[in-house]
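Peer 1: Have a peek at upload.txt (compact mmCIF, C-alpha atoms and all ligand atoms).
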# COMPACT_ATOMS: atom_id res chain seq x y z
CA MET R 1 91.82 188.48 181.70
CA PRO R 2 93.72 189.44 184.85
CA ASN R 3 97.02 187.76 184.05
CA PRO R 4 98.46 188.28 180.57
CA LEU R 5 101.17 185.65 181.21
CA GLU R 6 98.82 182.78 182.05
CA GLY R 7 99.18 180.01 179.46
CA ARG R 8 101.53 182.03 177.24
CA THR R 9 104.81 180.74 175.85
CA VAL R 10 107.90 182.79 176.62
CA ALA R 11 111.26 182.20 174.95
CA LEU R 12 113.87 183.34 177.46
CA GLY R 13 117.17 184.08 175.71
CA VAL R 14 120.11 184.19 178.11
CA SER R 15 123.47 185.62 177.03
CA GLY R 16 126.76 185.59 178.91
CA SER R 17 126.81 188.28 181.55
CA ILE R 18 127.33 188.03 185.29
CA ALA R 19 123.66 189.09 185.51
CA CYS R 20 122.95 185.49 184.43
CA TYR R 21 122.82 184.66 188.13
CA ARG R 22 119.42 186.40 188.25
CA ALA R 23 118.03 184.73 185.12
CA PRO R 24 116.88 181.47 186.82
CA TYR R 25 114.92 183.63 189.27
CA LEU R 26 113.31 185.45 186.34
CA ALA R 27 112.48 182.09 184.75
CA SER R 28 110.94 180.96 188.04
CA LYS R 29 108.79 184.10 188.30
CA LEU R 30 107.59 183.66 184.72
CA VAL R 31 106.64 180.05 185.51
CA GLN R 32 104.84 181.20 188.69
CA HIS R 33 102.83 183.64 186.57
CA GLY R 34 101.58 180.68 184.53
CA ALA R 35 103.89 180.95 181.50
CA ARG R 36 105.58 178.10 179.64
CA VAL R 37 109.23 179.05 179.46
CA ASP R 38 111.67 177.82 176.81
CA VAL R 39 115.22 178.81 177.70
CA VAL R 40 117.70 179.39 174.90
CA MET R 41 121.26 180.02 176.12
CA THR R 42 124.44 181.18 174.47
CA GLU R 43 127.62 179.20 175.05
CA ALA R 44 128.96 182.02 177.25
CA ALA R 45 125.81 182.05 179.38
CA ALA R 46 126.26 178.34 180.10
CA LYS R 47 129.61 179.21 181.71
CA PHE R 48 127.79 181.33 184.33
CA VAL R 49 124.68 179.19 184.95
CA THR R 50 124.09 175.60 183.93
CA PRO R 51 121.25 174.53 181.64
CA LEU R 52 120.29 172.15 184.46
CA ALA R 53 119.40 175.12 186.67
CA PHE R 54 116.94 176.42 184.09
CA GLY R 55 115.57 173.00 183.19
CA SER R 56 114.87 172.28 186.86
CA ILE R 57 112.74 175.42 187.03
CA THR R 58 110.99 175.30 183.67
CA HIS R 59 110.62 171.49 183.38
CA ARG R 60 111.35 171.89 179.69
CA PRO R 61 114.43 171.21 177.55
CA VAL R 62 116.97 174.01 177.51
CA VAL R 63 118.57 174.83 174.18
CA THR R 64 122.25 175.67 174.06
CA ASP R 65 123.41 174.30 170.74
CA ILE R 66 121.65 174.87 167.46
CA PHE R 67 123.51 171.96 165.87
CA ASP R 68 122.69 169.38 168.54
CA PRO R 69 120.39 166.92 166.73
CA GLN R 70 119.08 165.71 170.11
CA THR R 71 117.33 169.00 170.83
CA GLU R 72 114.15 170.24 169.29
CA MET R 73 116.16 173.16 167.95
CA GLY R 74 118.44 170.73 166.16
CA ILE R 75 115.48 169.20 164.38
CA ASP R 76 113.70 172.47 163.63
CA HIS R 77 115.88 175.51 164.22
CA VAL R 78 112.96 177.93 164.33
CA ALA R 79 110.53 175.85 166.42
CA ILE R 80 110.87 177.99 169.55
CA ALA R 81 110.72 181.23 167.57
CA GLU R 82 107.45 180.15 166.02
CA ARG R 83 105.62 178.95 169.09
CA SER R 84 106.58 181.85 171.39
CA ASP R 85 104.16 184.62 172.31
CA VAL R 86 107.09 186.79 173.36
CA VAL R 87 110.88 186.53 173.25
CA VAL R 88 112.74 187.99 176.24
CA VAL R 89 116.52 188.37 176.10
CA ALA R 90 117.69 188.73 179.70
CA PRO R 91 120.46 189.40 180.30
CA ALA R 92 121.37 190.89 176.93
CA THR R 93 125.10 191.61 176.67
CA ALA R 94 126.50 194.36 174.45
CA HIS R 95 127.63 191.57 172.10
CA ALA R 96 124.17 189.96 172.01
CA MET R 97 122.56 193.34 171.29
CA ALA R 98 125.04 193.98 168.49
CA ARG R 99 124.36 190.59 166.94
CA ILE R 100 120.60 191.08 167.12
CA ALA R 101 120.88 194.62 165.71
CA HIS R 102 122.86 193.30 162.76
CA GLY R 103 120.53 190.39 162.09
CA LEU R 104 123.11 187.69 162.80
CA ALA R 105 121.91 184.14 163.30
CA ASP R 106 125.01 182.35 164.47
CA ASP R 107 123.58 180.59 167.51
CA ALA R 108 120.29 179.44 168.99
CA LEU R 109 119.54 182.78 170.70
CA THR R 110 120.08 185.04 167.70
CA THR R 111 118.33 182.57 165.38
CA THR R 112 115.30 182.63 167.65
CA VAL R 113 115.19 186.43 167.74
CA LEU R 114 115.65 186.70 163.97
CA ALA R 115 113.03 184.08 163.16
CA THR R 116 110.29 185.08 165.57
CA ARG R 117 107.23 187.12 164.68
CA ALA R 118 106.44 187.61 168.35
CA PRO R 119 107.32 190.83 170.21
CA VAL R 120 110.87 190.95 171.59
CA VAL R 121 112.00 192.45 174.91
CA VAL R 122 115.74 192.99 175.32
CA CYS R 123 117.11 193.62 178.84
CA PRO R 124 120.66 195.00 178.65
CA ALA R 125 123.26 194.06 181.26
CA MET R 126 126.84 195.19 180.84
CA ASP R 127 129.65 197.41 182.02
CA GLY R 128 128.68 201.10 182.12
CA HIS R 129 131.29 202.20 179.57
CA MET R 130 130.19 199.47 177.18
CA TYR R 131 126.61 200.64 177.51
CA ASP R 132 127.56 204.30 176.98
CA ASN R 133 129.67 203.46 173.94
CA PRO R 134 128.10 204.96 170.78
CA ALA R 135 128.17 201.52 169.16
CA THR R 136 125.91 200.07 171.86
CA GLN R 137 123.74 203.19 171.90
CA GLU R 138 123.27 202.91 168.14
CA ASN R 139 122.46 199.22 168.42
CA ALA R 140 119.87 199.96 171.12
CA ALA R 141 118.36 202.67 168.89
CA THR R 142 118.26 200.23 165.97
CA LEU R 143 116.44 197.66 168.11
CA ARG R 144 113.90 200.27 169.25
CA SER R 145 113.36 201.48 165.70
CA ARG R 146 112.37 197.93 164.76
CA GLY R 147 109.75 197.77 167.50
CA ILE R 148 111.86 195.82 169.98
CA THR R 149 111.38 196.90 173.61
CA VAL R 150 114.72 197.74 175.22
CA ALA R 151 113.92 197.42 178.92
CA GLY R 152 116.57 199.03 181.10
CA PRO R 153 119.32 198.96 182.02
CA ALA R 154 119.05 200.31 185.55
CA THR R 155 121.70 202.54 187.03
CA GLY R 156 123.44 201.16 190.09
CA ARG R 157 126.39 199.18 191.31
CA LEU R 158 127.97 197.14 188.51
CA ALA R 159 129.99 193.94 188.74
CA SER R 160 133.16 195.99 188.21
CA GLY R 161 132.43 197.82 191.46
CA MET R 162 131.70 201.00 189.52
CA TYR R 163 128.41 202.87 189.67
CA GLY R 164 126.53 203.61 186.46
CA PRO R 165 124.04 202.39 183.87
CA GLY R 166 124.30 198.70 183.01
CA ARG R 167 122.46 196.71 185.67
CA MET R 168 119.83 194.34 184.37
CA LEU R 169 116.36 195.35 185.56
CA GLU R 170 114.89 193.49 188.50
CA PRO R 171 112.87 190.40 187.45
CA ALA R 172 109.61 192.04 188.64
CA GLU R 173 110.24 195.02 186.35
CA ILE R 174 111.10 192.73 183.41
CA ILE R 175 107.86 190.86 183.99
CA ASP R 176 105.94 194.15 183.93
CA HIS R 177 107.51 194.95 180.55
CA VAL R 178 106.53 191.50 179.29
CA ARG R 179 102.95 191.93 180.54
CA ALA R 180 102.70 195.32 178.86
CA VAL R 181 104.00 193.90 175.57
CA LEU R 182 101.69 190.89 175.70
CA GLY R 183 98.70 193.10 176.43
CA ARG R 184 99.45 195.54 173.63
CA ASP R 185 96.55 194.41 171.45
CA GLY R 186 94.16 194.00 174.38
CA ASP R 187 90.58 195.21 174.62
CA LEU R 188 91.65 198.72 175.64
CA ALA R 189 94.13 199.19 172.78
CA GLY R 190 93.90 202.70 171.41
CA ARG R 191 92.11 204.03 174.52
CA LYS R 192 93.52 206.46 177.05
CA VAL R 193 92.86 205.58 180.69
CA VAL R 194 93.72 208.01 183.49
CA ALA R 195 93.99 206.55 186.99
CA THR R 196 94.65 208.53 190.15
CA ALA R 197 96.28 207.28 193.32
CA GLY R 198 97.43 208.11 196.81
CA GLY R 199 96.47 210.63 199.44
CA THR R 200 97.04 214.27 198.61
CA ARG R 201 99.14 216.39 200.99
CA GLU R 202 97.92 219.81 202.01
CA LEU R 203 100.73 221.92 203.40
CA ILE R 204 100.37 223.64 206.77
CA ASP R 205 103.87 225.05 206.55
CA PRO R 206 107.04 223.93 204.71
CA VAL R 207 107.50 220.94 207.05
CA ARG R 208 103.97 219.83 207.96
CA PHE R 209 100.94 218.70 206.04
CA ILE R 210 97.46 217.20 206.35
CA SER R 211 97.02 213.89 204.56
CA ASN R 212 95.36 210.50 204.92
CA ARG R 213 96.25 206.83 205.05
CA SER R 214 95.89 205.99 201.36
CA SER R 215 98.82 203.87 200.09
CA GLY R 216 98.14 204.46 196.40
CA LYS R 217 98.07 200.70 195.68
CA MET R 218 94.56 200.65 194.20
CA GLY R 219 95.27 203.47 191.74
CA HIS R 220 98.61 201.98 190.75
CA ALA R 221 96.89 198.63 190.15
CA ALA R 222 94.29 200.39 187.97
CA ALA R 223 96.99 201.96 185.80
CA GLU R 224 98.84 198.64 185.50
CA ALA R 225 95.70 196.71 184.60
CA ALA R 226 94.82 199.30 181.93
CA ARG R 227 98.36 199.05 180.54
CA ASP R 228 98.12 195.25 180.45
CA ARG R 229 94.98 195.54 178.29
CA GLY R 230 96.68 197.76 175.74
CA ALA R 231 95.52 201.17 176.99
CA SER R 232 97.69 204.22 176.97
CA ALA R 233 97.73 204.46 180.77
CA VAL R 234 98.40 207.63 182.72
CA LEU R 235 98.79 207.62 186.49
CA VAL R 236 98.32 210.84 188.41
CA THR R 237 99.71 209.90 191.79
CA ALA R 238 100.18 211.54 195.14
CA SER R 239 101.74 208.39 196.57
CA THR R 240 105.29 208.86 197.74
CA THR R 241 106.26 205.30 198.52
CA LEU R 242 105.37 203.25 195.46
CA PRO R 243 107.75 203.15 192.48
CA ASP R 244 106.53 204.34 189.09
CA PRO R 245 104.87 201.47 187.24
CA VAL R 246 106.59 200.30 184.06
CA GLY R 247 104.98 201.34 180.78
CA VAL R 248 102.70 203.92 182.38
CA SER R 249 103.04 207.65 182.00
CA VAL R 250 103.31 208.99 185.55
CA VAL R 251 102.42 212.49 186.76
CA ARG R 252 103.45 213.11 190.36
CA VAL R 253 101.38 215.60 192.32
CA GLU R 254 101.17 216.74 195.91
CA SER R 255 98.01 218.70 196.76
CA ALA R 256 94.35 218.40 195.76
CA ILE R 257 94.73 221.48 193.57
CA ASP R 258 97.76 219.95 191.78
CA MET R 259 95.74 216.79 191.29
CA ARG R 260 92.78 218.72 189.90
CA ASP R 261 95.02 220.51 187.39
CA ALA R 262 96.77 217.32 186.26
CA VAL R 263 93.54 215.32 185.99
CA MET R 264 91.80 218.08 184.01
CA ARG R 265 94.73 218.22 181.58
CA GLU R 266 95.10 214.46 181.17
CA CYS R 267 91.36 213.88 180.78
CA GLU R 268 91.01 216.25 177.83
CA ASP R 269 91.67 213.36 175.43
CA ALA R 270 90.97 210.39 177.71
CA GLU R 271 88.16 207.85 177.52
CA VAL R 272 88.26 206.62 181.12
CA LEU R 273 89.00 208.15 184.52
CA VAL R 274 89.47 205.79 187.47
CA MET R 275 89.55 208.09 190.47
CA ALA R 276 91.12 205.99 193.21
CA ALA R 277 93.01 208.84 194.88
CA ALA R 278 92.03 209.87 198.39
CA VAL R 279 91.79 213.59 197.76
CA ALA R 280 91.84 215.71 200.92
CA ASP R 281 88.54 217.55 201.37
CA TRP R 282 90.18 220.34 203.34
CA ARG R 283 93.38 222.29 203.11
CA PRO R 284 94.86 224.88 205.48
CA ALA R 285 93.26 228.18 204.41
CA GLU R 286 96.54 230.06 204.60
CA PRO R 287 99.60 227.82 204.62
CA SER R 288 102.55 229.49 206.26
CA GLU R 289 105.67 230.12 204.20
CA ARG R 290 107.80 229.66 207.31
CA LYS R 291 107.81 226.89 209.86
CA LEU R 292 105.19 227.64 212.52
CA LYS R 293 106.53 227.91 216.06
CA LYS R 294 104.53 226.55 218.97
CA GLY R 295 105.70 229.29 221.33
CA SER R 296 104.03 229.10 224.72
CA ALA R 297 100.49 228.39 223.39
CA LYS R 298 98.57 225.59 225.17
CA THR R 299 96.09 225.08 222.32
CA SER R 300 96.00 226.02 218.70
CA SER R 301 93.57 225.92 215.81
CA LEU R 302 93.90 225.80 212.08
CA GLU R 303 91.48 227.36 209.67
CA LEU R 304 90.63 225.06 206.78
CA ALA R 305 89.25 225.77 203.34
CA ARG R 306 87.50 223.28 201.03
CA THR R 307 89.50 221.74 198.20
CA PRO R 308 87.95 221.34 194.74
CA ASP R 309 86.09 218.11 194.04
CA VAL R 310 88.34 216.75 191.31
CA VAL R 311 86.16 214.06 189.77
CA ALA R 312 82.99 216.17 189.88
CA GLY R 313 84.78 218.94 187.99
CA VAL R 314 85.89 216.81 185.01
CA ARG R 315 83.31 217.06 182.25
CA THR R 316 85.06 215.67 179.15
CA LYS R 317 82.43 214.48 176.69
CA GLY R 318 82.19 210.70 176.51
CA LEU R 319 84.55 210.15 179.47
CA ILE R 320 83.60 207.15 181.63
CA LYS R 321 84.07 208.27 185.24
CA VAL R 322 84.65 205.69 187.96
CA GLY R 323 84.81 206.80 191.58
CA PHE R 324 85.74 205.11 194.82
CA ALA R 325 84.09 205.36 198.19
CA ALA R 326 86.15 204.21 201.14
CA GLU R 327 83.64 204.15 203.98
CA THR R 328 83.46 202.96 207.56
CA ASP R 329 79.69 202.67 207.85
CA ASP R 330 76.56 202.67 205.70
CA VAL R 331 78.89 201.79 202.83
CA GLU R 332 76.40 201.31 200.00
CA ARG R 333 74.07 204.19 200.93
CA ASN R 334 76.97 206.65 201.19
CA ALA R 335 78.42 205.39 197.91
CA ARG R 336 75.12 205.71 196.02
CA ALA R 337 74.81 209.37 197.01
CA LYS R 338 78.28 210.07 195.56
CA ILE R 339 77.38 208.68 192.12
CA GLN R 340 74.85 211.47 191.57
CA GLN R 341 76.84 214.22 193.32
CA LYS R 342 79.94 213.58 191.23
CA GLY R 343 78.40 212.56 187.89
CA LEU R 344 79.99 209.10 188.02
CA HIS R 345 79.08 206.17 185.79
CA PHE R 346 79.73 203.83 188.67
CA ILE R 347 81.52 203.66 191.99
CA ALA R 348 83.62 201.04 193.76
CA ALA R 349 82.65 201.09 197.41
CA ASN R 350 84.46 199.36 200.19
CA ASP R 351 84.46 199.14 203.95
CA VAL R 352 87.94 200.19 205.04
CA THR R 353 87.48 198.57 208.43
CA ALA R 354 86.90 195.09 206.92
CA ALA R 355 89.77 192.60 207.36
CA GLY R 356 92.08 192.44 204.31
CA SER R 357 90.52 195.45 202.63
CA GLY R 358 91.96 198.42 204.47
CA PHE R 359 94.61 200.99 203.71
CA GLY R 360 97.88 199.57 202.48
CA ALA R 361 96.43 196.08 201.87
CA ASP R 362 97.13 194.28 198.60
CA SER R 363 93.55 193.04 198.45
CA ASN R 364 90.16 194.69 198.47
CA ARG R 365 86.52 193.65 198.63
CA VAL R 366 84.39 196.13 196.74
CA VAL R 367 80.82 196.56 195.57
CA LEU R 368 80.42 198.12 192.12
CA ILE R 369 77.29 200.27 192.11
CA ASP R 370 76.12 202.01 188.95
CA ARG R 371 73.83 204.94 188.17
CA GLU R 372 70.92 202.60 187.66
CA GLY R 373 71.41 201.31 191.20
CA ARG R 374 72.67 197.88 190.18
CA ALA R 375 75.17 196.46 192.70
CA GLU R 376 77.80 193.86 191.89
CA ARG R 377 79.37 192.50 195.07
CA LEU R 378 82.86 191.17 194.33
CA ASP R 379 84.77 188.67 196.45
CA MET R 380 87.96 189.61 198.22
CA LEU R 381 90.41 190.01 195.32
CA SER R 382 93.87 191.42 194.78
CA LYS R 383 93.74 195.12 193.92
CA TYR R 384 95.05 194.23 190.45
CA GLU R 385 92.10 191.86 189.94
CA VAL R 386 89.66 194.46 191.30
CA ALA R 387 91.08 196.87 188.74
CA HIS R 388 90.40 194.38 185.94
CA ARG R 389 86.79 193.90 187.11
CA ILE R 390 86.36 197.68 187.04
CA LEU R 391 87.77 197.81 183.50
CA ASP R 392 85.47 194.93 182.47
CA LYS R 393 82.55 197.06 183.62
CA VAL R 394 83.90 200.10 181.77
CA LEU R 395 83.95 198.04 178.57
CA SER R 396 80.28 197.17 179.03
CA TYR R 397 79.43 200.89 178.55
CA TRP R 398 80.88 200.77 175.06
CA ASP R 399 79.23 197.48 174.14
CA CYS R 400 75.73 198.88 174.44
N1 LIG R 501 87.14 212.96 195.25
C1 LIG R 501 87.57 213.98 194.42
N2 LIG R 501 87.87 215.20 194.93
C2 LIG R 501 87.71 215.45 196.24
C3 LIG R 501 87.26 214.42 197.11
C4 LIG R 501 86.99 213.19 196.57
O1 LIG R 501 87.70 213.75 193.21
N3 LIG R 501 88.01 216.65 196.71
C5 LIG R 501 86.81 211.66 194.66
C6 LIG R 501 87.62 210.49 195.21
O2 LIG R 501 88.79 210.30 194.47
C7 LIG R 501 86.66 209.32 195.06
C8 LIG R 501 85.30 209.97 195.24
O3 LIG R 501 85.47 211.36 194.97
O4 LIG R 501 86.69 208.75 193.78
C9 LIG R 501 84.73 209.79 196.62
O5 LIG R 501 85.68 210.22 197.58
P1 LIG R 501 85.34 210.23 199.13
O6 LIG R 501 86.51 210.75 199.88
O7 LIG R 501 84.78 208.88 199.49
O8 LIG R 501 84.12 211.22 199.14
P2 LIG R 501 83.97 212.71 199.55
O9 LIG R 501 83.31 213.43 198.43
O10 LIG R 501 85.26 213.25 200.02
O11 LIG R 501 82.92 212.59 200.72
P3 LIG R 501 83.10 212.31 202.30
O12 LIG R 501 84.54 212.60 202.62
O13 LIG R 501 82.18 213.27 202.90
O14 LIG R 501 82.74 210.87 202.49
Would you mind writing the file out in structure tokens?

Peer 2:
Amino acid sequence: MPNPLEGRTVALGVSGSIACYRAPYLASKLVQHGARVDVVMTEAAAKFVTPLAFGSITHRPVVTDIFDPQTEMGIDHVAIAERSDVVVVAPATAHAMARIAHGLADDALTTTVLATRAPVVVCPAMDGHMYDNPATQENAATLRSRGITVAGPATGRLASGMYGPGRMLEPAEIIDHVRAVLGRDGDLAGRKVVATAGGTRELIDPVRFISNRSSGKMGHAAAEAARDRGASAVLVTASTTLPDPVGVSVVRVESAIDMRDAVMRECEDAEVLVMAAAVADWRPAEPSERKLKKGSAKTSSLELARTPDVVAGVRTKGLIKVGFAAETDDVERNARAKIQQKGLHFIAANDVTAAGSGFGADSNRVVLIDREGRAERLDMLSKYEVAHRILDKVLSYWDC
């Protein structure tokens, strides 16, 4: 089930903030992810963006007035609340948050939130001082204590020109929160999945290092896919360019030794390890504490020492270990040898020279090979979909 939004019904509650200008884009992204989107607007929101803008994107009626007998809401004031799989309030003003926290039901938006049994995600957007005000902080705490996800706000430039907390999250981040919430009761609920990502950096001196071309995308996708199936997902990442995924506990590391320590610790109570990191096999034997000077030397050499094999060293009882083998030749033979050497349950092997499947790509074509020698050759898929196929295979170990 690679896309938790496919075929789901989302009630998008829009309250009156200048961040409303980004709400039609959010609605559009939700629709592109396969969701049915019912927009419920406050009167103030309709002053910033017209219902027509939302209706043109969602191809569904937009509710603004609870008393309008022409709308579905007018006929049955809780219809949207009942049919939604999730209610997202974005943007949520300080006033909207206060009304929700106090259980008011004085318009279509608050009625929907009060009447729904679906999970609710509230995305604050307001002036920084309003957000910092103890009243708003208490309202946010009240919402959280009732199981509502308060997503954001981000810190940045506000409409007032000031800098501070109060910016509504980017639509992509809001969608990640929605996916996580929708996947909460998924087939990995109650399980801890540790994924690793990125290429480790082995310092030569304070300004130079040895590393590799791993982007970290595969490991990040593994953590996100696990999150979207309800797992408690931990990402141990050496990637420096990708942002932390929403709803995942992130441990940032640099070297192979740091990664070994973090993975050992996180795996103590984990059920699955997806080892997508490209761990350096060698590190400078004696890194210099000061920047090395080239002087007048014409050549130079560096003595290297072996790094620990992280995945081979993890021996938690019952842990399903999945490895990766990024190869340039003899892909399947090389990968099979690693299953035994590292005590893996199965390995995802890929040819990094194949088009669309190399470093930094968003897609990957892998072969899943297990201990018994069975090989499952997958098509070219997005890394997120590859991650789901890996997790599907993990689940098969528990079924038997
Ligand atoms: N791996 C690890 N620790 C290392 C090296 C690799 O845990 N020091 C893991 C990788 O994360 C991957 C698997 O082992 O899941 C295979 O990694 P790969 O680099 O393909 O294999 P190596 O053992 O390094 O073998 P070689 O470089 O000789 O191909």

Peer 1: Return as AutoDock Vina command-line options the centre and edge lengths, in Å with one decimal, of the box along x, y and z that encloses every atom of ligand LIG 501 (chain R) in the file, padded by 5 Å per side.

Peer 2:
--center_x 85.5 --center_y 212.7 --center_z 198.1 --size_x 16.6 --size_y 17.9 --size_z 19.7

Peer 1: For atom CA of Met130 of chain R and atom CA of Ala90 of chain R, determine how far apart the two atoms are, in Å to one decimal place.

Peer 2: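 A separation of 16.7 Å between them.
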
Peer 1: Could you give me the residues within 6 Å of ligand LIG 501 (chain R), counting only C-alpha atoms and all ligand atoms, as JSON, numbers by chain?

Peer 2: {"R": [275, 276, 277, 278, 279, 280, 281, 307, 308, 309, 310, 311, 323, 324, 325, 326]}

Peer 1: Using atom CA of Ala189 of chain R and atom CA of Ala141 of chain R as the two end points, give the distance in Å to one decimal.

Peer 2: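 The value is 24.8 Å.
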
Peer 1: Report as a VMD selection string all protein, DNA and RNA residues lying within 12 Å of Val394 of chain R, evaluated on only C-alpha atoms, omitting residues in the same chain fewer than 2 positions from it.

Peer 2: chain R and resid 187 to 188 191 193 226 271 to 274 318 to 323 344 to 347 368 370 387 to 392 396 to 400

Peer 1: Using all atoms listed in the file, which residue out of R:Val10, R:Leu242, R:Val113, R:Met264 lies closest to Ser84 of chain R?

Peer 2: R:Val10

Peer 1: What gap, in Å, lies between atom CA of Ala44 of chain R and atom CA of Thr93 of chain R?

Peer 2: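 Interatomic distance, atom CA of Ala44 of chain R to atom CA of Thr93 of chain R: 10.4 Å.
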
Peer 1: Excluding His95 of chain R and its own-chain neighbours fewer than 2 positions away, which residues fall within 10 Å of it when counting only C-alpha atoms? Please give them as a PyMOL selection string.

Peer 2: chain R and resi 15-16+92-93+97-101+126+130+136+139

Peer 1: Between R:Ser56, R:Thr64, R:Asn133, R:Thr111, single out the one closest to Ala81 of chain R, counting all atoms listed in the file.

Peer 2: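 The answer is R:Thr111, which sits nearest to Ala81 of chain R.
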
Peer 1: Which is closer to Val150 of chain R than all the others in R:Leu169, R:Leu109, R:Leu395, R:Ala79, using only C-alpha atoms?

Peer 2: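 The answer is R:Leu169, which sits nearest to Val150 of chain R.
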
Peer 1: Using only C-alpha atoms, which of R:Lys47, R:Lys294, R:Arg179, R:Arg252 sits nearest Leu30 of chain R?

Peer 2: R:Arg179

Peer 1: So which residues touch Asp379 of chain R within 9 Å, counting all atoms listed in the file, skipping near sequence neighbours fewer than 5 positions away, as a list in words?

Peer 2: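 Result of the neighbour search: Asn364, Arg365, Val366 and Val367 of chain R.
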
Peer 1: In the coordinate frame of the file, compute which residues have an atom within 9 Å of (94.2, 194.6, 191.8) when using only C-alpha atoms, and state them as a ChimeraX atom specification.

Peer 2: /R:2,217-222,224-225,362-364,381-389

Peer 1: So which one's closest to Cys267 of chain R, R:Ala337, R:Val194, R:Thr200, R:Val246? Using all atoms listed in the file, please.

Peer 2: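 Using all atoms listed in the file, Cys267 of chain R sits closest to R:Val194.
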